[in-house]
Amino acid sequence: RQLVGAHQRPLRKAKLEAAILKAQKAEVPEEEILPAAHLQSRVEDAIYRITSAMEQQTLLEMACGIDEAQELGVQDEALSKAQSLLTSFGQRAQRASEQRDLVELEWILGAWKIDDVGTGEGSATASGPEYQAVLQAEKVRGSLTKQVEEAERRFEAKRWDALKSAMERLQDAHIQEDIWDRWASAIRTEKHWSILHAVSGAALQLKRRLHTRRLEAVLQAEKVSLTQLDEAADAAEAGQVDKDLVAKARAEASTARQRWKDAKEAMDKKLVDRADVMVWKLKKGRVCVDELVNRQGLLWDLVDAIQDAEASKDWQAMRDAVAGWTEE
């Protein structure tokens, strides 16, 4: 029965391993175990593909690993993390590209191997909006990098009027402050005061506008992680953005934290109805808590155990699964 139940979706590595081990101890014929062993191997390969891609930061490979796991019907923490990572990756990359924020784009994309447009054809995940947002962000990063490099060449050649023109084209973008300050300092040294006034004043306004746009984008996003919300609020506060806007972000983050705290307390006390309600509120909310996305907590252990027991028609396992859990 456990071998049959282990084949039922969602497929979990631990469930397959336990079913095979129990069948071997019961001296079940090998030909009856082989299908489950083959399925276990495929599940392990899919999980390994995902974890390796995340470690090596290879975006297309991670997308293909997600496809493989979803096709099999795998349920695993690695798959949940990869899906959450891709969603967050795409959202942040899209915001940074829309804001022409080269600093943020470098930070988000820098360590990842980003494949060219078209290389993800045939992959459902790579054809999705999050993956495509990352590819578009990579294009924006390349364009802004070329503009910065051209401005740097003008700086090296001491072509101050040409440098001013390059800086004006970058006024609505965000680049490394030390580079911008070095260009402005050179203009100051050469006593091009009118040019300096134009670019330095714009830089101060740009920083405040940039942090405002970042926070507004996070507040307007359909879904956002609690980590992203905190980071945007911290940066906006440091950038002297409108206090009411920062307070709004802080309040939303505080609500999400309290709901997860209440859910965790209900799980620890094994109050199934209260835990279920708090998890439902978090799922319906706009702010995503990492622990919820990754299915961390006793409630998911209960759900998994019930699904396993139901699939294998093991009613003793069902009783064991719900033991200790109560309703208020």
# chains A, B, ... in the order shown; residues from 1 in each chain; ligands from 1
$ select_by_dssp --residues "range 15-152 of chain A" --states "helix (DSSP H, G or I)" --output "PyMOL selection string"
chain A and resi 15-25+30-56+59-72+77-98+102-109+129-152
$ residues_around --residues "range 269-281 of chain A" --least-positions-apart "4" --cutoff "9 Å" --atoms "only C-alpha atoms" --output "compact mmCIF listing (two decimals) with C-alpha atoms, in the first residue's frame"
# COMPACT_ATOMS: atom_id res chain seq x y z
CA ARG A 259 0.25 37.28 11.30
CA TRP A 260 3.14 34.89 10.87
CA ASP A 262 0.25 34.22 15.37
CA ALA A 263 0.31 31.37 12.83
CA LYS A 264 3.54 29.98 14.28
CA GLU A 265 2.17 30.11 17.83
CA GLY A 285 -2.22 39.15 1.69
CA LEU A 292 5.18 30.49 4.41
CA LEU A 298 4.14 21.95 11.86
CA LEU A 299 1.01 22.65 9.84
CA GLY A 324 -2.37 16.02 19.42
CA TRP A 325 -4.03 18.50 17.05
CA THR A 326 -7.19 20.18 18.36
CA GLU A 327 -9.75 22.78 17.34
CA GLU A 328 -10.80 25.70 19.47
$ atom_distance --atom1 "CA of Gln40 in chain A" --atom2 "CA of Asp301 in chain A"
20.2 Å
$ closest_residue --among "A:Leu215, A:Ala157, A:Val103, A:Leu79" --to "Ile179 in chain A" --atoms "only C-alpha atoms"
A:Val103
$ closest_residue --among "A:Asp115, A:Glu98, A:Asp172, A:Asp244" --to "Arg214 in chain A" --atoms "only C-alpha atoms"
A:Glu98
$ residues_around --residues "Ala238 in chain A" --least-positions-apart "4" --cutoff "10 Å" --atoms "only C-alpha atoms" --output "NGL selection string"
:A and (208 or 211 or 232-234)
$ residues_around --residues "Val134 in chain A" --least-positions-apart "4" --cutoff "10 Å" --atoms "only C-alpha atoms" --output "list in words"
Leu59, Leu86, Phe89, Gly90, Gln91, Arg92, Ala93, Gln94, Ser97, Leu105, Ile108, Leu109, Ile114, Asp115, Ala126, Pro129, Glu130, Glu138, Lys139 and Val140 of chain A
$ residues_around --residues "Glu152 in chain A" --least-positions-apart "6" --cutoff "12 Å" --atoms "only C-alpha atoms" --output "mmCIF file with C-alpha atoms, in the first residue's frame"
data_model
loop_
_atom_site.group_PDB
_atom_site.id
_atom_site.type_symbol
_atom_site.label_atom_id
_atom_site.label_comp_id
_atom_site.auth_asym_id
_atom_site.auth_seq_id
_atom_site.Cartn_x
_atom_site.Cartn_y
_atom_site.Cartn_z
ATOM 1 C CA THR A 145 26.790 50.240 -18.781
ATOM 2 C CA LYS A 146 27.671 51.426 -22.292
ATOM 3 C CA LYS A 158 38.930 65.877 -20.543
ATOM 4 C CA ARG A 159 36.094 66.676 -22.893
ATOM 5 C CA TRP A 160 34.066 68.527 -20.292
ATOM 6 C CA ALA A 162 30.825 66.201 -23.868
ATOM 7 C CA LEU A 163 30.961 64.797 -20.313
ATOM 8 C CA LYS A 164 28.196 67.181 -19.295
ATOM 9 C CA ALA A 166 26.681 62.298 -21.090
ATOM 10 C CA MET A 167 25.810 63.104 -17.478
ATOM 11 C CA ILE A 179 31.841 57.565 -10.336
ATOM 12 C CA TRP A 180 29.349 60.431 -10.541
ATOM 13 C CA ARG A 182 34.535 61.852 -9.623
ATOM 14 C CA TRP A 183 33.129 63.336 -12.809
ATOM 15 C CA ALA A 184 31.617 66.260 -10.886
ATOM 16 C CA ALA A 186 36.811 67.003 -12.256
#
$ closest_residue --among "A:Ser84, A:Gln99, A:Ser185, A:Gln176" --to "Ala217 in chain A" --atoms "only C-alpha atoms"
A:Gln99
$ decode --residues "range 131-249 of chain A" --atoms "C-alpha atoms" --output "PDB file, in the first residue's frame"
ATOM      1  CA  TYR A 131      12.166  35.046 -16.496  1.00  0.00           C
ATOM      2  CA  GLN A 132      11.435  37.449 -19.354  1.00  0.00           C
ATOM      3  CA  ALA A 133      11.600  40.399 -16.940  1.00  0.00           C
ATOM      4  CA  VAL A 134      15.128  39.308 -15.993  1.00  0.00           C
ATOM      5  CA  LEU A 135      16.158  39.123 -19.660  1.00  0.00           C
ATOM      6  CA  GLN A 136      14.775  42.632 -20.259  1.00  0.00           C
ATOM      7  CA  ALA A 137      16.610  43.908 -17.189  1.00  0.00           C
ATOM      8  CA  GLU A 138      19.852  42.460 -18.556  1.00  0.00           C
ATOM      9  CA  LYS A 139      19.315  44.496 -21.750  1.00  0.00           C
ATOM     10  CA  VAL A 140      18.787  47.666 -19.738  1.00  0.00           C
ATOM     11  CA  ARG A 141      21.906  46.941 -17.685  1.00  0.00           C
ATOM     12  CA  GLY A 142      23.932  46.547 -20.867  1.00  0.00           C
ATOM     13  CA  SER A 143      22.633  49.832 -22.300  1.00  0.00           C
ATOM     14  CA  LEU A 144      23.334  51.799 -19.110  1.00  0.00           C
ATOM     15  CA  THR A 145      26.790  50.240 -18.781  1.00  0.00           C
ATOM     16  CA  LYS A 146      27.671  51.426 -22.292  1.00  0.00           C
ATOM     17  CA  GLN A 147      26.518  54.965 -21.447  1.00  0.00           C
ATOM     18  CA  VAL A 148      28.650  55.000 -18.285  1.00  0.00           C
ATOM     19  CA  GLU A 149      31.653  53.677 -20.201  1.00  0.00           C
ATOM     20  CA  GLU A 150      31.206  56.397 -22.851  1.00  0.00           C
ATOM     21  CA  ALA A 151      31.006  59.102 -20.172  1.00  0.00           C
ATOM     22  CA  GLU A 152      34.172  57.690 -18.593  1.00  0.00           C
ATOM     23  CA  ARG A 153      35.995  57.942 -21.932  1.00  0.00           C
ATOM     24  CA  ARG A 154      34.978  61.597 -22.176  1.00  0.00           C
ATOM     25  CA  PHE A 155      36.216  62.137 -18.630  1.00  0.00           C
ATOM     26  CA  GLU A 156      39.583  60.563 -19.472  1.00  0.00           C
ATOM     27  CA  ALA A 157      39.829  62.743 -22.593  1.00  0.00           C
ATOM     28  CA  LYS A 158      38.930  65.877 -20.543  1.00  0.00           C
ATOM     29  CA  ARG A 159      36.094  66.676 -22.893  1.00  0.00           C
ATOM     30  CA  TRP A 160      34.066  68.527 -20.292  1.00  0.00           C
ATOM     31  CA  ASP A 161      31.181  69.710 -22.459  1.00  0.00           C
ATOM     32  CA  ALA A 162      30.825  66.201 -23.868  1.00  0.00           C
ATOM     33  CA  LEU A 163      30.961  64.797 -20.313  1.00  0.00           C
ATOM     34  CA  LYS A 164      28.196  67.181 -19.295  1.00  0.00           C
ATOM     35  CA  SER A 165      26.024  65.895 -22.147  1.00  0.00           C
ATOM     36  CA  ALA A 166      26.681  62.298 -21.090  1.00  0.00           C
ATOM     37  CA  MET A 167      25.810  63.104 -17.478  1.00  0.00           C
ATOM     38  CA  GLU A 168      22.599  64.786 -18.560  1.00  0.00           C
ATOM     39  CA  ARG A 169      21.565  61.623 -20.398  1.00  0.00           C
ATOM     40  CA  LEU A 170      22.177  59.703 -17.173  1.00  0.00           C
ATOM     41  CA  GLN A 171      20.276  62.122 -14.922  1.00  0.00           C
ATOM     42  CA  ASP A 172      17.215  59.878 -14.740  1.00  0.00           C
ATOM     43  CA  ALA A 173      19.382  56.814 -14.056  1.00  0.00           C
ATOM     44  CA  HIS A 174      21.163  55.709 -10.898  1.00  0.00           C
ATOM     45  CA  ILE A 175      24.842  54.865 -11.195  1.00  0.00           C
ATOM     46  CA  GLN A 176      27.608  54.413  -8.637  1.00  0.00           C
ATOM     47  CA  GLU A 177      27.933  57.587  -6.606  1.00  0.00           C
ATOM     48  CA  ASP A 178      31.736  57.530  -6.520  1.00  0.00           C
ATOM     49  CA  ILE A 179      31.841  57.565 -10.336  1.00  0.00           C
ATOM     50  CA  TRP A 180      29.349  60.431 -10.541  1.00  0.00           C
ATOM     51  CA  ASP A 181      31.213  62.368  -7.830  1.00  0.00           C
ATOM     52  CA  ARG A 182      34.535  61.852  -9.623  1.00  0.00           C
ATOM     53  CA  TRP A 183      33.129  63.336 -12.809  1.00  0.00           C
ATOM     54  CA  ALA A 184      31.617  66.260 -10.886  1.00  0.00           C
ATOM     55  CA  SER A 185      34.875  66.818  -9.000  1.00  0.00           C
ATOM     56  CA  ALA A 186      36.811  67.003 -12.256  1.00  0.00           C
ATOM     57  CA  ILE A 187      34.408  69.618 -13.555  1.00  0.00           C
ATOM     58  CA  ARG A 188      34.834  71.563 -10.286  1.00  0.00           C
ATOM     59  CA  THR A 189      38.615  71.411 -10.612  1.00  0.00           C
ATOM     60  CA  GLU A 190      38.399  72.803 -14.094  1.00  0.00           C
ATOM     61  CA  LYS A 191      36.136  75.558 -12.737  1.00  0.00           C
ATOM     62  CA  HIS A 192      33.218  74.710 -14.958  1.00  0.00           C
ATOM     63  CA  TRP A 193      30.885  76.020 -12.259  1.00  0.00           C
ATOM     64  CA  SER A 194      27.746  76.260 -14.379  1.00  0.00           C
ATOM     65  CA  ILE A 195      28.127  72.661 -15.484  1.00  0.00           C
ATOM     66  CA  LEU A 196      28.806  71.539 -11.913  1.00  0.00           C
ATOM     67  CA  HIS A 197      25.731  73.304 -10.568  1.00  0.00           C
ATOM     68  CA  ALA A 198      23.544  71.593 -13.135  1.00  0.00           C
ATOM     69  CA  VAL A 199      24.790  68.073 -12.489  1.00  0.00           C
ATOM     70  CA  SER A 200      25.245  68.231  -8.702  1.00  0.00           C
ATOM     71  CA  GLY A 201      21.780  69.658  -8.079  1.00  0.00           C
ATOM     72  CA  ALA A 202      20.269  67.014 -10.286  1.00  0.00           C
ATOM     73  CA  ALA A 203      22.126  64.288  -8.411  1.00  0.00           C
ATOM     74  CA  LEU A 204      20.618  65.239  -5.047  1.00  0.00           C
ATOM     75  CA  GLN A 205      17.103  65.346  -6.466  1.00  0.00           C
ATOM     76  CA  LEU A 206      17.724  62.104  -8.340  1.00  0.00           C
ATOM     77  CA  LYS A 207      18.641  60.188  -5.177  1.00  0.00           C
ATOM     78  CA  ARG A 208      15.492  61.231  -3.352  1.00  0.00           C
ATOM     79  CA  ARG A 209      13.341  60.569  -6.411  1.00  0.00           C
ATOM     80  CA  LEU A 210      14.986  57.183  -6.914  1.00  0.00           C
ATOM     81  CA  HIS A 211      14.289  55.991  -3.358  1.00  0.00           C
ATOM     82  CA  THR A 212      10.723  57.313  -3.615  1.00  0.00           C
ATOM     83  CA  ARG A 213      10.095  55.422  -6.856  1.00  0.00           C
ATOM     84  CA  ARG A 214      11.589  52.256  -5.404  1.00  0.00           C
ATOM     85  CA  LEU A 215       9.334  52.369  -2.366  1.00  0.00           C
ATOM     86  CA  GLU A 216       6.250  53.279  -4.405  1.00  0.00           C
ATOM     87  CA  ALA A 217       6.928  50.372  -6.763  1.00  0.00           C
ATOM     88  CA  VAL A 218       7.169  47.953  -3.830  1.00  0.00           C
ATOM     89  CA  LEU A 219       3.969  49.331  -2.289  1.00  0.00           C
ATOM     90  CA  GLN A 220       2.105  49.019  -5.590  1.00  0.00           C
ATOM     91  CA  ALA A 221       3.349  45.521  -6.474  1.00  0.00           C
ATOM     92  CA  GLU A 222       0.718  42.784  -6.527  1.00  0.00           C
ATOM     93  CA  LYS A 223       2.995  40.566  -4.423  1.00  0.00           C
ATOM     94  CA  VAL A 224       6.185  41.443  -2.563  1.00  0.00           C
ATOM     95  CA  SER A 225       8.379  39.599  -0.080  1.00  0.00           C
ATOM     96  CA  LEU A 226       8.714  40.880   3.458  1.00  0.00           C
ATOM     97  CA  THR A 227      12.481  41.175   2.927  1.00  0.00           C
ATOM     98  CA  GLN A 228      12.022  43.405  -0.130  1.00  0.00           C
ATOM     99  CA  LEU A 229       9.524  45.586   1.718  1.00  0.00           C
ATOM    100  CA  ASP A 230      11.924  46.055   4.635  1.00  0.00           C
ATOM    101  CA  GLU A 231      14.864  46.844   2.341  1.00  0.00           C
ATOM    102  CA  ALA A 232      12.882  49.427   0.373  1.00  0.00           C
ATOM    103  CA  ALA A 233      11.619  51.086   3.569  1.00  0.00           C
ATOM    104  CA  ASP A 234      15.126  51.222   5.086  1.00  0.00           C
ATOM    105  CA  ALA A 235      16.620  52.751   1.929  1.00  0.00           C
ATOM    106  CA  ALA A 236      13.761  55.254   1.622  1.00  0.00           C
ATOM    107  CA  GLU A 237      14.149  56.355   5.241  1.00  0.00           C
ATOM    108  CA  ALA A 238      17.892  56.842   4.751  1.00  0.00           C
ATOM    109  CA  GLY A 239      17.179  58.772   1.543  1.00  0.00           C
ATOM    110  CA  GLN A 240      14.804  61.133   3.400  1.00  0.00           C
ATOM    111  CA  VAL A 241      11.736  60.049   1.475  1.00  0.00           C
ATOM    112  CA  ASP A 242       8.297  61.246   2.637  1.00  0.00           C
ATOM    113  CA  LYS A 243       7.769  59.964   6.193  1.00  0.00           C
ATOM    114  CA  ASP A 244       4.148  58.963   5.585  1.00  0.00           C
ATOM    115  CA  LEU A 245       5.205  56.725   2.695  1.00  0.00           C
ATOM    116  CA  VAL A 246       7.842  55.035   4.845  1.00  0.00           C
ATOM    117  CA  ALA A 247       5.345  54.633   7.709  1.00  0.00           C
ATOM    118  CA  LYS A 248       2.885  52.940   5.343  1.00  0.00           C
ATOM    119  CA  ALA A 249       5.530  50.381   4.364  1.00  0.00           C
TER     120      ALA A 249
END
